[in-house]
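**Q** So that we are looking at the same thing, I have put the structure below in structure tokens.
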Amino acid sequence: MIYTVTLNPSIDYHIWMDAWTEREIHKAQREQKVAGGKGINVSKVLNILGMESTALGFVGGFFGAFIQHELEQEGIAHRLIRTRQESRLNIKIKAQSETDISGTSPAISEEELAALYSQLDELTADDYLVLAGSVPRGIPDTVYQSIMKRLGPRGVRIFLDASGKALADGLAEKPFLIKPNHHELGELFGVEITTHEEAVTYGKKALEAGAQHVIVSMAEQGAVFVSRDGVYVARIPKQPPVNSIGAGDSMVAGFLYGFTRGMSSEEAFRFAVAAGSSTALSEGFCTHEKIREISPKITVTTVEG
Ligand SMILES: Nc1ncnc2c1ncn2[C@@H]1O[C@H](COP(=O)(O)OP(=O)(O)OP(=O)(O)O)[C@@H](O)[C@H]1O
Ligand SMILES: O=P(O)(O)OC[C@@]1(O)O[C@H](CO)[C@@H](O)[C@@H]1O
């Protein structure tokens, strides 16, 4: 079974407007409220691709009930833990460009965190676990490392999509896959990454630091894959994004889908990039049809050495 953990889910409030200007009153042309958070998005994309998963994490208050209800409506299994404090609201403004405002997270109590640990203790070597997104208040930012310390030795394969200290500390526990974007990977090593070559260099350093597979996503520049199976660069034709929110989550779901369906690392990587790009270049998340359409436009090349 695949489990996704979203410690800090959100309602994503998408709002479209002609232009965004400071000190102006704006009228929305269109708006949409959806359950969000990185692990939840991975579960949603897996569901669209026809693969089951169980969403774990915390939800509270009215916003939390909304998130839970949406998952139920979409037929996504969940064991979300109800918290005393309300889940957050993240605003996604789509005007000349995309602007994100992330709401303050609820504080999670020790008992609520303990309830998550007891759920996680049920996982076995047959399971995949996706740990994705920010860590809410009340939880130490070493939480991903602690979860990996507990479940890694049991053979659970862990996909880690985190940044900052949560990513840095997590590496030592040998996650099966990490998916930083090039800014997050640069931050990890205190450098700025702008080219595929630099992403390969620092992707290899992440491998040396413990990760087993590394996907470095680079938005419209495509992505880089580094593992002992090979090093690949994926390029995509330049096109303005329609919605880049959840593109990275679609990539994680795409790789997980491909890998668990028996694709080679290279094929799973291509599928992951196609999933990410078809989410970025269309309304809503990727689908099998959109992935099939975009796949031939993606070039994947092998990097020697
Ligand atoms: N403008 C774009 N054109 C084509 N593909 C894109 C574009 N933006 C993103 N993608 C695809 O989606 C993948 C992930 O994008 P990105 O690097 O922005 O991830 P991210 O920062 O984790 O995103 P998010 O956190 O919003 O999900 C890229 O590797 C690429 O395949
Ligand atoms: O603040 P975090 O947890 O890092 O990211 C949260 C978030 O921006 O990530 C998803 C897109 O990847 C959105 O659904 C959600 O609002």
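Ligands are numbered from 1 in the order shown, residues from 1 within each chain, and chains are lettered A, B, ... in the order they appear in the structure tokens.
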May I have the residues within 9 Å of stretch 134-148 of chain A as number ranges by chain, using only C-alpha atoms and disregarding those fewer than 3 positions away in the same chain?
**A** A: 6-9, 37-38, 104-110, 113, 117, 120, 131, 151-153, 156, 158, 160, 162-163, 165-167, 169-175
**Q** Mind dumping the selected residues with N, CA and C atoms as a tab-separated table (two decimals), in the first residue's frame?
**A**
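Dumped everything to result.tsv:
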```tsv
chain	number	residue	atom	x	y	z
A	6	THR	N	0.59	14.19	5.02
A	6	THR	CA	0.57	15.65	4.91
A	6	THR	C	0.38	16.19	6.32
A	7	LEU	N	1.49	16.66	6.90
A	7	LEU	CA	1.42	17.16	8.27
A	7	LEU	C	0.67	18.48	8.33
A	8	ASN	N	0.71	19.22	7.20
A	8	ASN	CA	0.19	20.59	7.20
A	8	ASN	C	-0.71	20.84	5.98
A	9	PRO	N	-1.86	20.12	5.91
A	9	PRO	CA	-2.74	20.30	4.75
A	9	PRO	C	-3.32	21.71	4.73
A	37	GLY	N	-2.09	20.63	-0.06
A	37	GLY	CA	-1.01	20.08	0.75
A	37	GLY	C	-0.33	19.02	-0.10
A	38	LYS	N	0.99	18.93	0.03
A	38	LYS	CA	1.74	18.13	-0.95
A	38	LYS	C	1.38	16.64	-0.94
A	104	THR	N	-1.01	30.70	8.30
A	104	THR	CA	-0.26	30.15	9.45
A	104	THR	C	-0.81	28.77	9.78
A	105	SER	N	0.09	27.89	10.16
A	105	SER	CA	-0.34	26.52	10.39
A	105	SER	C	-0.89	26.39	11.81
A	106	PRO	N	-1.74	25.40	12.04
A	106	PRO	CA	-2.19	25.14	13.41
A	106	PRO	C	-1.03	24.58	14.22
A	107	ALA	N	-1.14	24.62	15.54
A	107	ALA	CA	-0.14	23.97	16.39
A	107	ALA	C	-0.64	22.55	16.68
A	108	ILE	N	0.20	21.58	16.43
A	108	ILE	CA	-0.18	20.18	16.64
A	108	ILE	C	0.33	19.75	18.04
A	109	SER	N	-0.52	19.07	18.78
A	109	SER	CA	-0.13	18.70	20.15
A	109	SER	C	0.66	17.39	20.15
A	110	GLU	N	1.30	17.11	21.28
A	110	GLU	CA	2.09	15.87	21.41
A	110	GLU	C	1.21	14.64	21.25
A	113	LEU	N	0.42	14.09	17.59
A	113	LEU	CA	1.58	13.52	16.89
A	113	LEU	C	1.75	12.04	17.26
A	117	TYR	N	2.15	8.56	14.93
A	117	TYR	CA	3.20	7.54	15.08
A	117	TYR	C	2.58	6.15	15.24
A	120	LEU	N	1.65	4.94	11.86
A	120	LEU	CA	2.82	4.62	11.05
A	120	LEU	C	3.47	3.31	11.49
A	131	LEU	N	6.44	11.41	2.39
A	131	LEU	CA	6.46	12.46	3.41
A	131	LEU	C	6.65	13.76	2.65
A	151	LEU	N	10.88	3.81	10.60
A	151	LEU	CA	10.32	2.93	9.57
A	151	LEU	C	11.34	2.39	8.58
A	152	GLY	N	12.45	3.13	8.40
A	152	GLY	CA	13.49	2.70	7.45
A	152	GLY	C	13.97	1.29	7.73
A	153	PRO	N	14.37	0.99	8.97
A	153	PRO	CA	14.88	-0.36	9.26
A	153	PRO	C	13.85	-1.46	9.00
A	156	VAL	N	10.36	-0.02	4.88
A	156	VAL	CA	9.37	0.85	4.21
A	156	VAL	C	10.15	1.78	3.27
A	158	ILE	N	10.73	5.14	1.46
A	158	ILE	CA	10.25	6.48	1.79
A	158	ILE	C	10.62	7.50	0.72
A	160	LEU	N	10.74	11.41	0.09
A	160	LEU	CA	10.77	12.62	0.91
A	160	LEU	C	10.75	13.86	0.02
A	162	ALA	N	10.70	17.48	0.89
A	162	ALA	CA	10.75	18.52	1.92
A	162	ALA	C	11.88	19.48	1.57
A	163	SER	N	11.99	20.55	2.35
A	163	SER	CA	13.06	21.51	2.08
A	163	SER	C	13.70	21.92	3.41
A	165	LYS	N	15.75	22.38	6.74
A	165	LYS	CA	16.32	21.46	7.74
A	165	LYS	C	15.68	20.07	7.66
A	166	ALA	N	14.37	20.04	7.35
A	166	ALA	CA	13.67	18.75	7.27
A	166	ALA	C	14.31	17.88	6.19
A	167	LEU	N	14.73	18.48	5.08
A	167	LEU	CA	15.39	17.73	4.01
A	167	LEU	C	16.82	17.38	4.42
A	169	ASP	N	18.22	17.02	7.38
A	169	ASP	CA	18.30	15.99	8.41
A	169	ASP	C	17.81	14.64	7.89
A	170	GLY	N	16.86	14.69	6.97
A	170	GLY	CA	16.26	13.45	6.46
A	170	GLY	C	17.23	12.62	5.63
A	171	LEU	N	18.20	13.28	4.98
A	171	LEU	CA	19.10	12.57	4.05
A	171	LEU	C	19.85	11.42	4.70
A	172	ALA	N	20.27	11.64	5.95
A	172	ALA	CA	21.08	10.64	6.65
A	172	ALA	C	20.32	9.32	6.80
A	173	GLU	N	18.99	9.38	6.74
A	173	GLU	CA	18.18	8.16	6.94
A	173	GLU	C	17.93	7.42	5.63
A	174	LYS	N	18.66	7.80	4.59
A	174	LYS	CA	18.64	7.08	3.30
A	174	LYS	C	17.25	6.96	2.68
A	175	PRO	N	16.58	8.08	2.44
A	175	PRO	CA	15.26	8.00	1.78
A	175	PRO	C	15.40	7.34	0.41
```
**Q** So that each row is one residue of stretch 243-294 of chain A with an atom at most 12 Å from stretch 181-201 of chain A, can you give its shortest atom pair and the distance in Å to one decimal, using only C-alpha atoms, rows by chain and rising number, as JSON lines?
**A**
```
{"residue": "A:Ala247", "atom": "CA", "partner": "A:Asn181", "partner_atom": "CA", "distance": 10.8}
{"residue": "A:Gly248", "atom": "CA", "partner": "A:Asn181", "partner_atom": "CA", "distance": 8.0}
{"residue": "A:Asp249", "atom": "CA", "partner": "A:Asn181", "partner_atom": "CA", "distance": 11.1}
{"residue": "A:Met251", "atom": "CA", "partner": "A:Asn181", "partner_atom": "CA", "distance": 11.0}
{"residue": "A:Val252", "atom": "CA", "partner": "A:Asn181", "partner_atom": "CA", "distance": 11.6}
```
**Q** Give me, as a tab-separated table, each residue of chain A that comes within 7 Å of ligand 1, together with its shortest interatomic pair and the distance in Å at one decimal, counting only C-alpha atoms and all ligand atoms, with rows ordered by chain and rising residue number.
**A**
```
residue	atom	partner	partner_atom_place_in_ligand_line	distance
A:Pro180	CA	ligand 1	22 (O)	6.6
A:Asn181	CA	ligand 1	17 (O)	4.9
A:Ser217	CA	ligand 1	29 (O)	3.8
A:Met218	CA	ligand 1	17 (O)	4.0
A:Ala219	CA	ligand 1	17 (O)	3.5
A:Glu220	CA	ligand 1	2 (C)	3.7
A:Gln221	CA	ligand 1	30 (C)	6.9
A:Gly222	CA	ligand 1	29 (O)	4.4
A:Ala223	CA	ligand 1	29 (O)	4.5
A:Ile236	CA	ligand 1	4 (C)	6.2
A:Lys238	CA	ligand 1	3 (N)	6.2
A:Gln239	CA	ligand 1	3 (N)	5.5
A:Pro240	CA	ligand 1	1 (N)	5.2
A:Pro241	CA	ligand 1	1 (N)	4.1
A:Ser244	CA	ligand 1	26 (O)	5.3
A:Ile245	CA	ligand 1	26 (O)	4.0
A:Gly246	CA	ligand 1	27 (O)	3.6
A:Ala247	CA	ligand 1	27 (O)	4.2
A:Gly248	CA	ligand 1	27 (O)	3.4
A:Asp249	CA	ligand 1	27 (O)	5.0
A:Met251	CA	ligand 1	13 (C)	6.1
A:Val273	CA	ligand 1	31 (O)	4.2
A:Ala274	CA	ligand 1	31 (O)	6.3
A:Gly276	CA	ligand 1	12 (O)	3.7
A:Ser277	CA	ligand 1	5 (N)	3.6
A:Ser278	CA	ligand 1	5 (N)	6.9
A:Ala280	CA	ligand 1	7 (C)	5.0
A:Leu281	CA	ligand 1	3 (N)	6.0
```
**Q** Running DSSP on the backbone, which parts of stretch 137-232 of chain A land in strand (DSSP E), as a ChimeraX atom specification?
**A** /A:157-161,177-178,213-217,223-227,230-232
**Q** Can those selected residues be exported to a file as a PDB file, in the first residue's frame so that it contains N, CA and C atoms?
**A**
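What landed in result_30.pdb:
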```
ATOM      1  N   ARG A 157       9.712   1.877   2.012  1.00  0.00           N
ATOM      2  CA  ARG A 157      10.410   2.775   1.072  1.00  0.00           C
ATOM      3  C   ARG A 157       9.831   4.185   1.176  1.00  0.00           C
ATOM      4  N   ILE A 158      10.725   5.136   1.457  1.00  0.00           N
ATOM      5  CA  ILE A 158      10.254   6.476   1.791  1.00  0.00           C
ATOM      6  C   ILE A 158      10.624   7.503   0.723  1.00  0.00           C
ATOM      7  N   PHE A 159       9.593   8.214   0.253  1.00  0.00           N
ATOM      8  CA  PHE A 159       9.768   9.316  -0.695  1.00  0.00           C
ATOM      9  C   PHE A 159       9.682  10.606   0.127  1.00  0.00           C
ATOM     10  N   LEU A 160      10.735  11.410   0.089  1.00  0.00           N
ATOM     11  CA  LEU A 160      10.769  12.624   0.908  1.00  0.00           C
ATOM     12  C   LEU A 160      10.749  13.864   0.018  1.00  0.00           C
ATOM     13  N   ASP A 161       9.690  14.663   0.145  1.00  0.00           N
ATOM     14  CA  ASP A 161       9.624  15.930  -0.600  1.00  0.00           C
ATOM     15  C   ASP A 161       9.526  17.060   0.423  1.00  0.00           C
ATOM     16  N   LEU A 177      13.731   8.109  -2.241  1.00  0.00           N
ATOM     17  CA  LEU A 177      13.768   9.173  -3.255  1.00  0.00           C
ATOM     18  C   LEU A 177      13.559  10.529  -2.591  1.00  0.00           C
ATOM     19  N   ILE A 178      14.301  11.521  -3.071  1.00  0.00           N
ATOM     20  CA  ILE A 178      13.995  12.907  -2.685  1.00  0.00           C
ATOM     21  C   ILE A 178      13.681  13.685  -3.959  1.00  0.00           C
ATOM     22  N   HIS A 213      17.668   7.785  -4.648  1.00  0.00           N
ATOM     23  CA  HIS A 213      17.318   8.342  -5.959  1.00  0.00           C
ATOM     24  C   HIS A 213      17.010   9.821  -5.741  1.00  0.00           C
ATOM     25  N   VAL A 214      17.459  10.661  -6.679  1.00  0.00           N
ATOM     26  CA  VAL A 214      17.231  12.108  -6.546  1.00  0.00           C
ATOM     27  C   VAL A 214      16.596  12.620  -7.836  1.00  0.00           C
ATOM     28  N   ILE A 215      15.439  13.273  -7.721  1.00  0.00           N
ATOM     29  CA  ILE A 215      14.901  14.013  -8.870  1.00  0.00           C
ATOM     30  C   ILE A 215      15.014  15.483  -8.509  1.00  0.00           C
ATOM     31  N   VAL A 216      15.702  16.244  -9.352  1.00  0.00           N
ATOM     32  CA  VAL A 216      15.777  17.695  -9.145  1.00  0.00           C
ATOM     33  C   VAL A 216      14.840  18.322 -10.161  1.00  0.00           C
ATOM     34  N   SER A 217      13.737  18.911  -9.691  1.00  0.00           N
ATOM     35  CA  SER A 217      12.806  19.520 -10.641  1.00  0.00           C
ATOM     36  C   SER A 217      13.245  20.949 -10.896  1.00  0.00           C
ATOM     37  N   ALA A 223      13.972  18.542 -15.699  1.00  0.00           N
ATOM     38  CA  ALA A 223      14.399  17.908 -14.448  1.00  0.00           C
ATOM     39  C   ALA A 223      15.640  17.065 -14.672  1.00  0.00           C
ATOM     40  N   VAL A 224      16.267  16.702 -13.560  1.00  0.00           N
ATOM     41  CA  VAL A 224      17.472  15.869 -13.599  1.00  0.00           C
ATOM     42  C   VAL A 224      17.225  14.687 -12.665  1.00  0.00           C
ATOM     43  N   PHE A 225      17.693  13.516 -13.062  1.00  0.00           N
ATOM     44  CA  PHE A 225      17.547  12.314 -12.217  1.00  0.00           C
ATOM     45  C   PHE A 225      18.933  11.776 -11.922  1.00  0.00           C
ATOM     46  N   VAL A 226      19.213  11.497 -10.677  1.00  0.00           N
ATOM     47  CA  VAL A 226      20.521  10.944 -10.296  1.00  0.00           C
ATOM     48  C   VAL A 226      20.293   9.752  -9.374  1.00  0.00           C
ATOM     49  N   SER A 227      20.833   8.592  -9.764  1.00  0.00           N
ATOM     50  CA  SER A 227      20.810   7.432  -8.855  1.00  0.00           C
ATOM     51  C   SER A 227      21.898   6.471  -9.303  1.00  0.00           C
ATOM     52  N   GLY A 230      21.597   5.328 -12.930  1.00  0.00           N
ATOM     53  CA  GLY A 230      21.951   6.192 -14.062  1.00  0.00           C
ATOM     54  C   GLY A 230      21.683   7.654 -13.739  1.00  0.00           C
ATOM     55  N   VAL A 231      22.205   8.508 -14.643  1.00  0.00           N
ATOM     56  CA  VAL A 231      21.993   9.948 -14.479  1.00  0.00           C
ATOM     57  C   VAL A 231      21.342  10.444 -15.771  1.00  0.00           C
ATOM     58  N   TYR A 232      20.181  11.089 -15.656  1.00  0.00           N
ATOM     59  CA  TYR A 232      19.427  11.510 -16.840  1.00  0.00           C
ATOM     60  C   TYR A 232      19.007  12.971 -16.714  1.00  0.00           C
TER      61      TYR A 232
END
```
**Q** Excluding A:Leu116 and its own-chain neighbours fewer than 5 positions away, which residues fall within 9 Å of it when counting only C-alpha atoms? Please give them as a list in words.
**A**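 Near neighbours after the sequence-gap exclusion: Leu56, Gly57, Phe58, Leu80, Ile81, Glu111 and Asp121 of chain A.
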